[in-house]
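Peer 1: Contents of structure23.cif (mmCIF, C-alpha atoms and all ligand atoms):
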```cif
data_model
loop_
_atom_site.label_atom_id
_atom_site.label_comp_id
_atom_site.auth_asym_id
_atom_site.auth_seq_id
_atom_site.Cartn_x
_atom_site.Cartn_y
_atom_site.Cartn_z
CA MET E 11 21.15 -5.98 9.11
CA GLU E 12 19.03 -4.91 12.08
CA LYS E 13 15.98 -3.00 10.83
CA LYS E 14 14.79 0.15 12.60
CA ASN E 15 12.07 -0.43 15.13
CA ILE E 16 9.20 0.99 13.07
CA ASP E 17 5.59 -0.14 12.77
CA TRP E 18 6.05 -0.50 8.99
CA GLY E 19 2.41 -1.19 8.22
CA ASN E 20 1.27 2.03 9.88
CA ILE E 21 3.60 4.74 8.65
CA GLY E 22 2.03 7.35 6.41
CA PHE E 23 3.30 9.05 3.27
CA GLY E 24 5.49 11.56 5.07
CA TYR E 25 9.10 12.56 5.64
CA MET E 26 11.19 10.86 8.29
CA THR E 27 14.83 11.83 8.80
CA THR E 28 17.01 8.80 7.98
CA ASP E 29 20.72 8.28 8.73
CA TYR E 30 22.45 9.22 5.47
CA ARG E 31 21.96 11.34 2.39
CA TYR E 32 24.16 12.02 -0.64
CA VAL E 33 25.45 15.39 -1.76
CA ALA E 34 27.56 16.49 -4.73
CA HIS E 35 28.59 20.05 -5.62
CA TYR E 36 28.89 21.56 -9.07
CA LYS E 37 31.41 24.41 -9.32
CA ASN E 38 33.56 25.85 -12.12
CA GLY E 39 31.82 23.64 -14.64
CA ALA E 40 32.36 20.28 -12.93
CA TRP E 41 30.84 17.98 -10.31
CA ASP E 42 32.97 17.03 -7.30
CA GLU E 43 33.29 13.43 -6.05
CA GLY E 44 30.00 13.44 -4.13
CA GLN E 45 29.67 11.84 -0.72
CA LEU E 46 27.32 10.58 1.96
CA THR E 47 26.62 12.82 4.93
CA THR E 48 24.70 12.44 8.17
CA ASP E 49 23.79 16.16 8.18
CA SER E 50 20.16 16.58 7.12
CA THR E 51 20.34 20.37 6.99
CA ILE E 52 21.42 22.58 4.08
CA THR E 53 23.04 25.98 4.50
CA LEU E 54 22.88 28.29 1.52
CA ASN E 55 23.35 31.94 0.76
CA GLU E 56 20.13 33.95 1.07
CA CYS E 57 20.31 34.83 -2.62
CA ALA E 58 20.75 31.25 -3.92
CA GLY E 59 19.10 30.64 -7.30
CA VAL E 60 16.72 28.10 -5.83
CA PHE E 61 15.28 30.68 -3.43
CA GLN E 62 14.98 33.59 -5.82
CA TYR E 63 13.96 32.00 -9.12
CA ALA E 64 12.97 28.44 -8.17
CA GLN E 65 15.80 26.84 -10.11
CA THR E 66 15.26 23.28 -8.95
CA CYS E 67 14.16 19.91 -10.27
CA PHE E 68 13.67 16.50 -8.70
CA GLU E 69 12.94 12.83 -9.20
CA GLY E 70 11.01 10.22 -7.24
CA LEU E 71 11.50 6.46 -7.12
CA LYS E 72 11.34 3.66 -4.57
CA ALA E 73 13.48 0.88 -3.16
CA TYR E 74 11.64 -2.36 -2.29
CA THR E 75 12.50 -5.55 -0.51
CA THR E 76 11.64 -8.39 -2.89
CA GLU E 77 10.11 -11.72 -1.95
CA ASP E 78 13.59 -13.35 -1.90
CA GLY E 79 15.01 -10.64 0.36
CA HIS E 80 16.91 -8.41 -2.08
CA ILE E 81 16.71 -4.64 -2.07
CA VAL E 82 15.93 -3.35 -5.55
CA THR E 83 14.92 -0.20 -7.38
CA PHE E 84 12.67 -0.07 -10.41
CA ARG E 85 14.04 1.33 -13.69
CA PRO E 86 16.24 4.00 -12.03
CA ASP E 87 17.97 4.60 -15.37
CA LEU E 88 14.75 6.24 -16.58
CA ASN E 89 14.73 8.57 -13.57
CA ALA E 90 18.35 9.48 -14.37
CA GLU E 91 17.43 10.26 -17.99
CA ARG E 92 14.36 12.26 -17.01
CA MET E 93 16.35 14.35 -14.55
CA GLN E 94 18.74 15.21 -17.38
CA THR E 95 15.81 16.44 -19.47
CA SER E 96 14.53 18.50 -16.53
CA ALA E 97 17.98 19.97 -15.84
CA ALA E 98 18.52 20.93 -19.48
CA ARG E 99 15.16 22.72 -19.65
CA LEU E 100 16.00 24.70 -16.49
CA GLU E 101 19.58 25.55 -17.59
CA MET E 102 21.06 23.37 -14.88
CA PRO E 103 24.05 21.03 -15.27
CA ILE E 104 23.48 17.41 -16.27
CA VAL E 105 24.07 14.73 -13.66
CA PRO E 106 25.74 11.84 -15.51
CA LYS E 107 23.68 8.65 -15.43
CA GLU E 108 26.40 6.67 -13.64
CA MET E 109 26.68 9.35 -10.97
CA PHE E 110 22.91 9.40 -10.46
CA LEU E 111 22.71 5.61 -10.16
CA ASP E 112 25.76 5.49 -7.88
CA ALA E 113 24.25 8.14 -5.59
CA VAL E 114 20.93 6.28 -5.35
CA GLU E 115 22.72 3.01 -4.64
CA LYS E 116 24.99 4.55 -1.99
CA VAL E 117 22.12 6.20 -0.09
CA VAL E 118 19.90 3.13 -0.16
CA LYS E 119 22.75 0.87 1.00
CA ALA E 120 23.74 3.25 3.79
CA ASN E 121 20.11 3.37 4.96
CA GLU E 122 19.45 -0.35 4.61
CA ALA E 123 17.99 -0.42 8.13
CA TRP E 124 15.28 1.93 6.88
CA VAL E 125 14.21 -0.21 3.91
CA PRO E 126 10.83 -1.70 4.85
CA PRO E 127 10.60 -5.50 4.86
CA TYR E 128 8.80 -7.51 2.16
CA GLY E 129 5.09 -7.79 2.69
CA SER E 130 4.77 -4.71 4.94
CA GLY E 131 3.29 -2.63 2.13
CA ALA E 132 5.83 0.08 2.95
CA THR E 133 8.73 1.08 0.71
CA LEU E 134 11.75 3.38 0.83
CA TYR E 135 10.98 6.51 -1.15
CA ILE E 136 14.04 7.98 -2.88
CA ARG E 137 14.14 11.68 -3.72
CA PRO E 138 17.01 12.86 -5.93
CA TYR E 139 16.99 16.64 -6.43
CA MET E 140 19.14 19.47 -7.67
CA TYR E 141 19.10 23.21 -7.11
CA GLY E 142 20.98 26.39 -7.92
CA SER E 143 23.07 27.08 -4.82
CA SER E 144 25.07 30.19 -5.74
CA SER E 145 23.66 33.70 -5.54
CA VAL E 146 21.73 35.32 -8.39
CA ILE E 147 19.80 38.57 -8.35
CA GLY E 148 19.64 39.45 -12.04
CA VAL E 149 17.56 36.76 -13.74
CA LYS E 150 20.01 34.12 -14.96
CA PRO E 151 21.05 30.56 -14.15
CA ALA E 152 23.13 30.03 -11.00
CA GLU E 153 26.80 29.14 -11.46
CA GLU E 154 26.91 26.55 -8.71
CA TYR E 155 24.57 23.62 -7.96
CA GLU E 156 24.00 20.85 -5.46
CA PHE E 157 22.71 17.41 -6.36
CA ARG E 158 21.30 15.50 -3.42
CA VAL E 159 19.53 12.23 -2.76
CA LEU E 160 17.47 11.72 0.38
CA VAL E 161 15.45 8.67 1.36
CA THR E 162 12.50 8.22 3.69
CA PRO E 163 10.35 5.17 4.41
CA VAL E 164 6.74 5.59 3.31
CA GLY E 165 3.70 3.55 4.19
CA PRO E 166 1.33 1.82 1.81
CA TYR E 167 -0.33 4.56 -0.21
CA PHE E 168 -3.73 3.00 0.32
CA LYS E 169 -4.30 1.45 3.72
CA GLY E 170 -6.67 -1.47 3.42
CA GLY E 171 -6.62 -1.58 -0.38
CA ALA E 172 -7.11 0.94 -3.14
CA LYS E 173 -10.61 2.48 -3.07
CA PRO E 174 -11.65 4.39 -6.18
CA ILE E 175 -11.39 8.15 -5.83
CA VAL E 176 -13.51 11.05 -7.07
CA ILE E 177 -11.65 13.78 -8.96
CA LYS E 178 -12.73 17.09 -10.46
CA VAL E 179 -12.06 18.88 -13.72
CA SER E 180 -9.92 21.83 -12.70
CA ASP E 181 -10.49 25.38 -13.85
CA TYR E 182 -6.75 25.98 -13.45
CA ASP E 183 -4.17 25.02 -16.03
CA ARG E 184 -1.19 22.88 -15.12
CA ALA E 185 1.12 23.40 -18.07
CA ALA E 186 1.29 25.54 -21.18
CA PRO E 187 2.13 24.18 -24.63
CA ASN E 188 5.92 24.61 -24.96
CA GLY E 189 6.15 25.25 -21.21
CA THR E 190 7.59 23.06 -18.47
CA GLY E 191 4.85 20.45 -18.02
CA HIS E 192 7.06 17.66 -19.37
CA VAL E 193 9.83 18.18 -16.80
CA LYS E 194 9.87 17.44 -13.09
CA ALA E 195 10.36 21.00 -11.87
CA GLY E 196 9.37 22.18 -8.41
CA LEU E 197 7.73 25.19 -10.04
CA ASN E 198 5.05 22.95 -11.60
CA TYR E 199 4.09 21.88 -8.10
CA ALA E 200 4.23 25.30 -6.45
CA MET E 201 1.62 26.63 -8.82
CA SER E 202 -0.56 23.50 -8.41
CA LEU E 203 -0.88 23.86 -4.62
CA HIS E 204 -3.74 26.34 -4.70
CA ALA E 205 -5.67 24.14 -7.15
CA ILE E 206 -5.22 21.00 -5.05
CA VAL E 207 -6.00 22.69 -1.73
CA THR E 208 -9.17 24.06 -3.35
CA ALA E 209 -10.13 20.65 -4.77
CA HIS E 210 -9.57 18.97 -1.40
CA ALA E 211 -11.70 21.60 0.34
CA GLU E 212 -14.48 20.76 -2.12
CA GLY E 213 -14.16 17.06 -1.30
CA PHE E 214 -12.22 15.88 -4.36
CA ALA E 215 -9.08 13.75 -4.21
CA GLU E 216 -7.36 15.16 -7.30
CA ASN E 217 -7.61 17.57 -10.21
CA LEU E 218 -7.98 16.54 -13.82
CA TYR E 219 -6.19 19.16 -15.89
CA LEU E 220 -7.27 19.83 -19.45
CA ASP E 221 -4.86 21.04 -22.13
CA ALA E 222 -4.34 24.76 -21.59
CA ALA E 223 -4.67 25.76 -25.25
CA THR E 224 -8.11 24.33 -26.07
CA ARG E 225 -9.40 22.91 -22.77
CA THR E 226 -10.87 19.98 -24.71
CA LYS E 227 -8.24 17.28 -24.08
CA VAL E 228 -7.27 15.29 -21.00
CA GLU E 229 -3.73 15.97 -19.78
CA GLU E 230 -2.99 14.57 -16.31
CA THR E 231 -3.47 15.30 -12.62
CA GLY E 232 -1.01 17.28 -10.51
CA GLY E 233 1.27 14.28 -10.08
CA ALA E 234 -0.01 11.27 -12.02
CA ASN E 235 -0.75 10.28 -15.63
CA PHE E 236 -4.09 8.84 -16.78
CA ILE E 237 -4.86 5.44 -18.19
CA PHE E 238 -8.31 4.56 -19.50
CA ILE E 239 -9.64 1.09 -20.25
CA THR E 240 -12.00 0.83 -23.19
CA LYS E 241 -15.15 -1.28 -23.20
CA GLU E 242 -13.30 -3.65 -25.56
CA GLY E 243 -10.53 -4.11 -22.95
CA GLY E 244 -7.88 -1.93 -24.58
CA LEU E 245 -5.72 0.69 -22.90
CA VAL E 246 -5.75 4.36 -23.92
CA THR E 247 -3.41 6.96 -22.45
CA PRO E 248 -3.25 10.66 -23.34
CA LYS E 249 -0.45 11.88 -25.57
CA SER E 250 0.69 15.46 -25.12
CA SER E 251 3.98 17.33 -25.07
CA SER E 252 3.01 19.02 -21.81
CA ILE E 253 2.48 15.80 -19.82
CA LEU E 254 5.21 14.56 -17.48
CA PRO E 255 6.28 11.19 -18.93
CA SER E 256 5.47 8.90 -16.00
CA ILE E 257 7.73 5.87 -15.71
CA THR E 258 4.88 3.96 -14.07
CA ARG E 259 2.57 4.75 -16.99
CA ARG E 260 5.20 3.75 -19.57
CA SER E 261 5.74 0.48 -17.67
CA ILE E 262 2.00 -0.19 -17.46
CA CYS E 263 1.65 0.30 -21.22
CA TYR E 264 4.44 -2.22 -21.77
CA VAL E 265 2.88 -4.70 -19.33
CA ALA E 266 -0.55 -4.27 -20.96
CA GLU E 267 0.83 -5.03 -24.40
CA HIS E 268 3.48 -7.66 -23.69
CA TYR E 269 2.19 -9.45 -20.59
CA LEU E 270 -1.58 -9.13 -21.00
CA GLY E 271 -1.89 -8.94 -24.78
CA MET E 272 -3.95 -5.74 -24.66
CA LYS E 273 -4.27 -3.19 -27.41
CA VAL E 274 -2.43 -0.03 -26.25
CA GLU E 275 -2.94 3.42 -27.73
CA GLU E 276 -1.11 6.59 -26.76
CA ARG E 277 -3.11 9.35 -28.40
CA GLU E 278 -4.93 12.60 -27.78
CA VAL E 279 -7.90 11.93 -25.52
CA PHE E 280 -10.77 14.38 -25.84
CA PHE E 281 -12.63 15.04 -22.63
CA ASP E 282 -15.99 14.40 -24.26
CA GLU E 283 -15.03 10.78 -25.01
CA VAL E 284 -14.23 10.04 -21.34
CA PRO E 285 -17.79 8.80 -20.53
CA ASN E 286 -17.24 5.99 -23.07
CA PHE E 287 -14.44 4.37 -21.08
CA ALA E 288 -15.00 1.42 -18.75
CA GLU E 289 -12.23 2.10 -16.22
CA CYS E 290 -9.92 4.92 -15.28
CA GLY E 291 -6.70 5.04 -13.25
CA LEU E 292 -3.92 7.39 -12.22
CA CYS E 293 -0.31 6.25 -12.56
CA GLY E 294 2.67 7.31 -10.51
CA THR E 295 5.44 5.94 -8.33
CA ALA E 296 3.63 6.72 -5.06
CA ALA E 297 0.48 4.62 -5.56
CA VAL E 298 1.41 2.74 -8.78
CA ILE E 299 -2.26 2.96 -9.90
CA SER E 300 -5.05 4.84 -8.10
CA PRO E 301 -8.42 3.82 -9.48
CA VAL E 302 -10.77 6.68 -10.39
CA GLY E 303 -14.45 5.94 -9.86
CA GLU E 304 -15.89 9.31 -10.79
CA ILE E 305 -14.91 12.52 -12.56
CA ASN E 306 -16.90 15.60 -11.63
CA ASP E 307 -17.13 18.20 -14.40
CA HIS E 308 -18.65 21.28 -12.77
CA GLY E 309 -21.40 19.25 -11.13
CA LYS E 310 -21.86 16.86 -14.03
CA ARG E 311 -20.82 13.42 -12.83
CA ILE E 312 -19.04 10.91 -15.03
CA CYS E 313 -19.29 7.58 -13.21
CA PHE E 314 -17.22 4.69 -14.56
CA PRO E 315 -18.94 1.28 -14.79
CA SER E 316 -16.20 -0.14 -12.50
CA GLY E 317 -17.92 1.69 -9.63
CA MET E 318 -16.77 3.08 -6.29
CA GLU E 319 -16.08 -0.15 -4.40
CA ASP E 320 -13.09 -1.73 -6.14
CA MET E 321 -10.49 -1.17 -8.79
CA GLY E 322 -11.82 -2.07 -12.22
CA PRO E 323 -10.96 -5.67 -13.19
CA ILE E 324 -8.48 -4.77 -15.93
CA THR E 325 -6.88 -1.99 -13.88
CA LYS E 326 -6.48 -4.57 -11.11
CA LYS E 327 -4.78 -7.00 -13.49
CA LEU E 328 -2.37 -4.28 -14.58
CA TYR E 329 -1.73 -3.31 -10.98
CA ASP E 330 -1.11 -6.90 -9.87
CA THR E 331 1.20 -7.61 -12.79
CA LEU E 332 3.30 -4.48 -12.38
CA THR E 333 3.59 -4.75 -8.59
CA GLY E 334 4.36 -8.46 -9.04
CA ILE E 335 7.26 -7.52 -11.32
CA GLN E 336 8.46 -4.87 -8.87
CA MET E 337 8.35 -7.23 -5.88
CA GLY E 338 10.06 -10.07 -7.74
CA ARG E 339 7.04 -12.39 -7.91
CA ILE E 340 6.77 -12.11 -11.70
CA GLU E 341 9.71 -12.17 -14.09
CA ALA E 342 10.69 -8.65 -15.15
CA PRO E 343 11.63 -7.45 -18.61
CA GLU E 344 15.40 -7.17 -19.13
CA GLY E 345 16.89 -4.25 -17.19
CA TRP E 346 13.83 -3.19 -15.19
CA ILE E 347 15.00 -4.38 -11.78
CA HIS E 348 18.19 -2.84 -10.41
CA THR E 349 19.47 -4.92 -7.50
CA ILE E 350 21.22 -2.92 -4.80
CA ALA E 351 21.72 -5.46 -2.03
C1 LIG N 1 6.33 12.41 -11.09
C2 LIG N 1 5.11 12.71 -11.85
C3 LIG N 1 4.28 11.71 -12.39
C4 LIG N 1 4.52 10.25 -12.15
O1 LIG N 1 5.71 9.79 -12.72
P1 LIG N 1 6.33 8.40 -12.24
O2 LIG N 1 7.63 8.35 -12.96
O3 LIG N 1 5.42 7.32 -12.65
O4 LIG N 1 6.47 8.48 -10.76
C5 LIG N 1 3.18 12.10 -13.14
N1 LIG N 1 2.88 13.41 -13.33
C6 LIG N 1 3.64 14.39 -12.80
C7 LIG N 1 3.24 15.80 -13.03
C8 LIG N 1 4.78 14.07 -12.04
O5 LIG N 1 5.51 15.06 -11.53
#
```
Just give me the structure of the file as structure tokens.
Peer 2:
Amino acid sequence: MEKKNIDWGNIGFGYMTTDYRYVAHYKNGAWDEGQLTTDSTITLNECAGVFQYAQTCFEGLKAYTTEDGHIVTFRPDLNAERMQTSAARLEMPIVPKEMFLDAVEKVVKANEAWVPPYGSGATLYIRPYMYGSSSVIGVKPAEEYEFRVLVTPVGPYFKGGAKPIVIKVSDYDRAAPNGTGHVKAGLNYAMSLHAIVTAHAEGFAENLYLDAATRTKVEETGGANFIFITKEGGLVTPKSSSILPSITRRSICYVAEHYLGMKVEEREVFFDEVPNFAECGLCGTAAVISPVGEINDHGKRICFPSGMEDMGPITKKLYDTLTGIQMGRIEAPEGWIHTIA
């Protein structure tokens, strides 16, 4: 397979049009066969549910080239399950797990020339998504839907290694109790844009959102879950029904417990206990773990002992172990690595 002529080490985290994408249509209560297409455009009626009432959800995962030259994805079954939860919450049809996995596999295979080589730091980002495609004007679910999967190569999230970031405590809320914070809905991102643009303008990399009801507990950032490392070397991660259940975070907790023998707690984390932690990181597919060096709470700085130069030592161990599993250098737990080619 001849790879595309791309400077893999220097592509950013952006969209590039690749050769194939997958599309399936839902009509009269059933999904059609689904197929690959070379057409990267979508034509919809002006009144489609996605345009009028934001009826859309998505997923995000990556395909990697492993050390021994295979193309694999990481726990795609969990993305399939999570998309079902998102769809149900938004009154959209369920994409069967087999159909989801088949679509991901087909698109990655068809775009094999776009899968970055091992060691480049780049990966193939996979974006499955679904939206209401038939017209609605009265507020109700659409009757027809499209499920699509697109892929685009993305560069290493951190060029030249992961430097700790500074984040701020946001005055905005991300998710209400009993709202949609636990599902991957586009609407959760639309309403976060103003908060993130504001934070960036103030010089912060991300927002830490507190729980909307009491504003005393740590929730997550706009697109990543928190992990904290205690001074005793344990892992603590916030528990809340309005947090998006990150697959990266769940995998890190497993790795911490079963590979590194760490004590792992998923529990409510009060903001006023944050200064007691030794290390802090953000978990998500894009960066795996972004180390946090400082949290700014309205001018009051919480600086973690791990500092601003490098990832904390335990965060680094977690990062190396998980990325080692993903790249095939370390043996994976049963079922985590899905080989495509
Ligand atoms: C996607 C997402 C994450 C990260 O989840 P992963 O499965 O690890 O990629 C975290 N928080 C939010 C709000 C998200 O949308």
Peer 1: Compile the contact shell of Asn286 in chain E as a list in words: residues with an atom at most 10 Å away, counting only C-alpha atoms, same-chain residues fewer than 4 positions apart removed.
Peer 2: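 Here the qualifying residues turn out to be Phe238, Ile239, Thr240, Lys241, Asp282, Ile312, Phe314 and Pro315 of chain E.
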Peer 1: Considering only C-alpha atoms, can you say which of E:Ala209, E:Ala186, E:Cys263, E:Ile299 comes closest to Glu229 in chain E?
Peer 2: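 Looking only at the distances to Glu229 in chain E, the closest residue turns out to be E:Ala186.
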Peer 1: What box, with edges along x, y and z, holds each listed atom of range 49-59 of chain E when 8 Å is added on every side, and can you state its centre and edge lengths in Å to one decimal, as lines of an AutoDock Vina configuration file?
Peer 2:
```
center_x = 21.4
center_y = 25.5
center_z = 0.4
size_x = 20.7
size_y = 34.7
size_z = 31.5
```
Peer 1: List the spatial neighbours of range 22-39 of chain E as a PyMOL selection string - criterion: any atom at most 10 Å away, only C-alpha atoms, same-chain residues fewer than 3 positions off excluded.
Peer 2: chain E and resi 18-19+42-50+102-105+109+112-124+132-133+135+137-140+142-144+153-169+296
Peer 1: Residues within 9 Å of ligand LIG 1 (chain N) (only C-alpha atoms and all ligand atoms), as a PyMOL selection string?
Peer 2: chain E and resi 68-71+88-89+92+184+191-196+198-199+230-236+253-261+292-298
Peer 1: Excluding range 277-281 of chain E and any residue of its chain fewer than 4 positions from it, enumerate the residues within 6 Å of it, using all atoms listed in the file, and give them as a count of residues only.
Peer 2: 5
Peer 1: So which residues fall inside 10 Å of (-12.3, -0.4, -14.3) if we count only C-alpha atoms? Mind giving them as a ChimeraX atom specification?
Peer 2: /E:174,238-241,243,287-291,301-303,314-318,320-326
Peer 1: Please compute the CA of Cys313 in chain E-CA of Ser251 in chain E distance, one decimal, in Å.
Peer 2: 27.9 Å
Peer 1: Please measure the separation of CA of Ala185 in chain E and CA of Ser250 in chain E, giving the value in Å to one decimal.
Peer 2: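 Rounded to one decimal, the two atoms are 10.6 Å apart.
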Peer 1: Between CA of Ala215 in chain E and CA of Val176 in chain E, what is the distance in Å, rounded to a tenth?
Peer 2: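 So the answer is 5.9 Å.
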Peer 1: Check the smallest atom-to-atom distance from each of E:Glu319, E:Glu341, E:Glu267, E:Asp181 to Asn306 in chain E using all atoms listed in the file, then report the winner.
Peer 2: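 The closest residue to Asn306 in chain E is E:Asp181.
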Peer 1: Please, which residues are within 9 Å of (18.7, -1.2, -9.6) by the file's coordinates, counting only C-alpha atoms, and could they come as a VMD selection string?
Peer 2: chain E and resid 73 81 to 87 111 114 to 115 345 to 350
Peer 1: Give the answer as one residue: which of E:Ser300, E:Glu108, E:Gly129, E:Leu203 has the shortest atom-to-atom distance to Lys173 in chain E, using only C-alpha atoms?
Peer 2: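 The shortest atom-to-atom distance to Lys173 in chain E comes from E:Ser300.
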Peer 1: Kindly add N, CA, C and O atoms to the incomplete range 127-138 of chain E and provide the output as a tab-separated table (two decimals), in the frame of the given file.
Peer 2:
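The file below, selection-v7.tsv, is the result:
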```
chain	number	residue	atom	x	y	z
E	127	PRO	N	10.55	-4.08	5.23
E	127	PRO	CA	10.60	-5.50	4.86
E	127	PRO	C	9.52	-5.87	3.84
E	127	PRO	O	8.50	-5.19	3.72
E	128	TYR	N	9.76	-6.99	3.14
E	128	TYR	CA	8.80	-7.51	2.16
E	128	TYR	C	7.47	-7.79	2.85
E	128	TYR	O	7.43	-8.30	3.96
E	129	GLY	N	6.41	-7.44	2.18
E	129	GLY	CA	5.09	-7.79	2.69
E	129	GLY	C	4.48	-6.75	3.62
E	129	GLY	O	3.31	-6.84	3.97
E	130	SER	N	5.29	-5.73	4.00
E	130	SER	CA	4.77	-4.71	4.94
E	130	SER	C	3.89	-3.70	4.22
E	130	SER	O	3.13	-2.96	4.84
E	131	GLY	N	4.03	-3.64	2.90
E	131	GLY	CA	3.29	-2.63	2.13
E	131	GLY	C	4.05	-1.33	2.06
E	131	GLY	O	3.79	-0.48	1.21
E	132	ALA	N	5.03	-1.15	2.95
E	132	ALA	CA	5.83	0.08	2.95
E	132	ALA	C	7.02	-0.06	2.02
E	132	ALA	O	7.42	-1.17	1.67
E	133	THR	N	7.56	1.07	1.60
E	133	THR	CA	8.73	1.08	0.71
E	133	THR	C	9.64	2.23	1.12
E	133	THR	O	9.25	3.08	1.94
E	134	LEU	N	10.84	2.25	0.57
E	134	LEU	CA	11.75	3.38	0.83
E	134	LEU	C	11.64	4.34	-0.35
E	134	LEU	O	11.99	3.98	-1.47
E	135	TYR	N	11.10	5.51	-0.08
E	135	TYR	CA	10.98	6.51	-1.15
E	135	TYR	C	12.32	7.21	-1.32
E	135	TYR	O	12.98	7.58	-0.34
E	136	ILE	N	12.74	7.37	-2.57
E	136	ILE	CA	14.04	7.98	-2.88
E	136	ILE	C	13.79	9.30	-3.61
E	136	ILE	O	13.08	9.32	-4.61
E	137	ARG	N	14.34	10.36	-3.12
E	137	ARG	CA	14.14	11.68	-3.72
E	137	ARG	C	15.47	12.30	-4.15
E	137	ARG	O	16.17	12.90	-3.34
E	138	PRO	N	15.87	12.13	-5.40
E	138	PRO	CA	17.01	12.86	-5.93
E	138	PRO	C	16.55	14.27	-6.30
E	138	PRO	O	15.43	14.45	-6.79
```
